[in-house]
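Chemist: Mind looking over this structure? Questions follow.
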Amino acid sequence: MAKDYYDILGVSKNATDDEIKKAFRKAAHKHHPDKEGGDEAKFKEINEAYQVLSDKQKRSQYDQFGSGFEQAGAGGGQGFGGFDFSGFAGGQNGFNFEFGGDGGGFGDIFGDIFGGGGRGQRQTQKKGNDISLDIEITLEEAVVDTEKDLNVYLASACSQCKGAGARSGSNWVKCKTCHGLGQIKKERRTMLGFFAQMEVCQDCQGYGEKPEKSCDKCGGDGKVKENKTIKIKIPAGIADGQTIRLSGQGESGFRPASGKSVAGDLYITVHVRTHSLFRRKEDDLIYDLEINYSQAVLGDKIKIPTISGDISLKIPAGIQSGKIISLKDRGLPHLQSRGKGDMFVVVLVRTPRNISRKQRKILEELKKEGL
Ligand SMILES: [Zn+2]
Ligand SMILES: [Zn+2]
């Protein structure tokens, strides 16, 4: 038999939210089971009524479906919200309660009555899975903005139903598993008594409705796993191990066309390969340059590599081994800011190991000259 929630709270069918809230407060105070003359059954009933009437969506469903909706609660209509008082049966330990689903609006009132202790939990928007990927680039690619094609295997909006989940022309019906509530009550026993927890209905993923005929490509999920090529832009100056986040480029949520889900994010961790010539230190590059003894003494002009092509470098006469020549702005661009790092050329004078007879003769002459 259907309960009349308006009657339970003693308000009219046209009662405003405020009137309902006030009526609930008054009734809850009066029948609170911890009070002298309190009535637990009545108190539960009041809460149940308030759970439905204080929620716009549930109230309109209740107004519309009445007793049919009532049945959904499985003996007492407790399935309406993420709130339950079965903990009272446990007695001494006080109240065991759980907020779930959209019980948030209830929290302040609960706080009023019981002196705090309610904890609200808002349902967040449904989100597809985040995807994490690794990509390796060369140091040359890290110097400029680089575009890369990434092949990803992930859930995307189904091309056949355009993410709706329904076969074309199919009607939408209330989910039979949760009776349109989107949630299913699960009870669990703990040391403190019974907890009732509302869990998202797996059948409709909390949407409360299903297509009468599901799309045969995606089975009604509105998304399918497939290989996809995603173009990504790696900004110049990226460091080894840095992660780029592409918001909304992860997996599609459940039935993306419904607008009730958002896609997850894509996280790309960039690994910059070690270079054979240059060592990187933040945005600076270090290059070891070996020169001969004669080049060091007499000076020279030689071609050396930089990360962006060869340049001609002047070696001043009389340079000492270990001396560093700095080349301004020949390093990597600063990530997302102006300017560049520098390149440092470490000049090392090479001592030859194997020399020809002619070279030996010349060197012996030099030795005699005190060089
Ligand atoms: Zn589909
Ligand atoms: Zn369902």
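Numbering starts fresh at 1 for the residues of each chain in the structure tokens, the chains themselves are lettered A, B, ... in the order given, and ligands are numbered from 1 as they appear.
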Do a neighbour search on Gly128 of chain A at 6 Å with only C-alpha atoms, toss out local chain neighbours closer than 3 positions, and write the hits as a list of chain:residue names.

Modeler: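 Non-adjacent residues within range: A:Glu251, A:Ser252, A:Gly253, A:Ala263, A:Gly264.
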
Chemist: When DSSP works through the backbone of this structure, what residues of segment 97-326 of chain A end up as strand (DSSP E), shown as an NGL selection string?

Modeler: :A and (126-127 or 131-137 or 146-157 or 172-174 or 183-190 or 193-200 or 209-211 or 223-234 or 242-246 or 261-262 or 266-272 or 278-281 or 284-291 or 300-306 or 309-315 or 324-326)

Chemist: Which is closer to ligand 2 than all the others in A:Ile184, A:Ala41, A:Ile268, A:Leu313, using only C-alpha atoms and all ligand atoms?

Modeler: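 The closest residue to ligand 2 is A:Ile184.
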
Chemist: List all protein, DNA and RNA residues that have an atom no more than 9 Å from any atom of ligand 2, counting only C-alpha atoms and all ligand atoms, and report them as a list in words.

Modeler: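 So the residues close to ligand 2 are Lys174, Cys175, Lys176, Thr177, Cys178, His179, Gly180, Leu181, Gly182, Gln183, Ile184, Val200, Cys201, Gln202, Asp203, Cys204, Gln205, Gly206, Tyr207, Gly208, Glu209 and Lys210 of chain A.
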
Chemist: Any chance you can output those residues with C-alpha atoms as a short mmCIF file (atom, residue, chain, number, x, y, z; two decimals), in the first residue's frame?

Modeler:
data_model
loop_
_atom_site.label_atom_id
_atom_site.label_comp_id
_atom_site.auth_asym_id
_atom_site.auth_seq_id
_atom_site.Cartn_x
_atom_site.Cartn_y
_atom_site.Cartn_z
CA LYS A 174 12.91 3.08 -16.77
CA CYS A 175 15.72 0.74 -15.66
CA LYS A 176 14.15 -2.42 -14.25
CA THR A 177 17.05 -3.24 -11.98
CA CYS A 178 16.90 -0.04 -9.94
CA HIS A 179 13.36 0.98 -10.87
CA GLY A 180 14.60 4.21 -12.29
CA LEU A 181 16.45 5.35 -9.20
CA GLY A 182 19.92 4.82 -10.55
CA GLN A 183 20.96 3.39 -7.21
CA ILE A 184 20.66 0.13 -5.41
CA VAL A 200 25.28 3.01 -8.40
CA CYS A 201 23.10 0.65 -10.40
CA GLN A 202 25.41 -1.31 -12.68
CA ASP A 203 22.67 -1.95 -15.15
CA CYS A 204 22.01 1.68 -16.05
CA GLN A 205 25.17 3.17 -14.53
CA GLY A 206 23.03 5.39 -12.33
CA TYR A 207 21.08 6.97 -15.18
CA GLY A 208 17.80 5.35 -14.17
CA GLU A 209 16.80 4.76 -17.74
CA LYS A 210 17.78 2.45 -20.53
#

Chemist: If you count only C-alpha atoms and all ligand atoms, which residues end up within 9 Å of ligand 1, as number ranges by chain?

Modeler: A: 157-167, 214-224, 255

Chemist: With a distance cut-off of 7 Å and only C-alpha atoms, select the neighbouring residues of Leu150 of chain A, excluding the residue or stretch itself and same-chain residues fewer than 2 positions from it, and output the selection as a short mmCIF file (atom, residue, chain, number, x, y, z; two decimals) with N, CA and C atoms, in the first residue's frame.

Modeler:
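Result written to around.cif:
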data_model
loop_
_atom_site.label_atom_id
_atom_site.label_comp_id
_atom_site.auth_asym_id
_atom_site.auth_seq_id
_atom_site.Cartn_x
_atom_site.Cartn_y
_atom_site.Cartn_z
N LYS A 148 53.12 15.02 -32.59
CA LYS A 148 53.29 13.57 -32.67
C LYS A 148 51.93 12.92 -32.82
N VAL A 152 46.35 5.16 -29.67
CA VAL A 152 45.80 4.81 -28.36
C VAL A 152 44.64 3.85 -28.55
N THR A 229 43.96 7.48 -33.34
CA THR A 229 45.19 8.26 -33.46
C THR A 229 44.93 9.67 -32.93
N ILE A 230 45.72 10.04 -31.96
CA ILE A 230 45.55 11.37 -31.38
C ILE A 230 46.79 12.20 -31.67
N LYS A 231 46.56 13.38 -32.20
CA LYS A 231 47.67 14.29 -32.46
C LYS A 231 47.98 15.05 -31.19
#

Chemist: Restricting the calculation to only C-alpha atoms: of A:Arg273, A:His334, A:Lys358, A:Lys323, which residue gets closest to Thr138 of chain A?

Modeler: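 That would be A:Arg273, the residue with the smallest distance to Thr138 of chain A.
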
Chemist: Might you pull out every residue within 9 Å of Pro352 of chain A, with only C-alpha atoms counted and same-chain residues fewer than 2 positions away left off, and present them as a list in words?

Modeler: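 The filter keeps Asn292, Tyr293, Arg350, Asn354 and Ile355 of chain A.
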
Chemist: One number please: atom CA of Ala23 of chain A to atom CA of Lys44 of chain A, in Å, one decimal.

Modeler: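 Calculated distance between atom CA of Ala23 of chain A and atom CA of Lys44 of chain A is 14.6 Å.
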
Chemist: Give the answer as one residue: which of A:Lys281, A:Arg353, A:Lys233, A:Lys58 has the shortest atom-to-atom distance to Asp145 of chain A, using only C-alpha atoms?

Modeler: A:Lys233
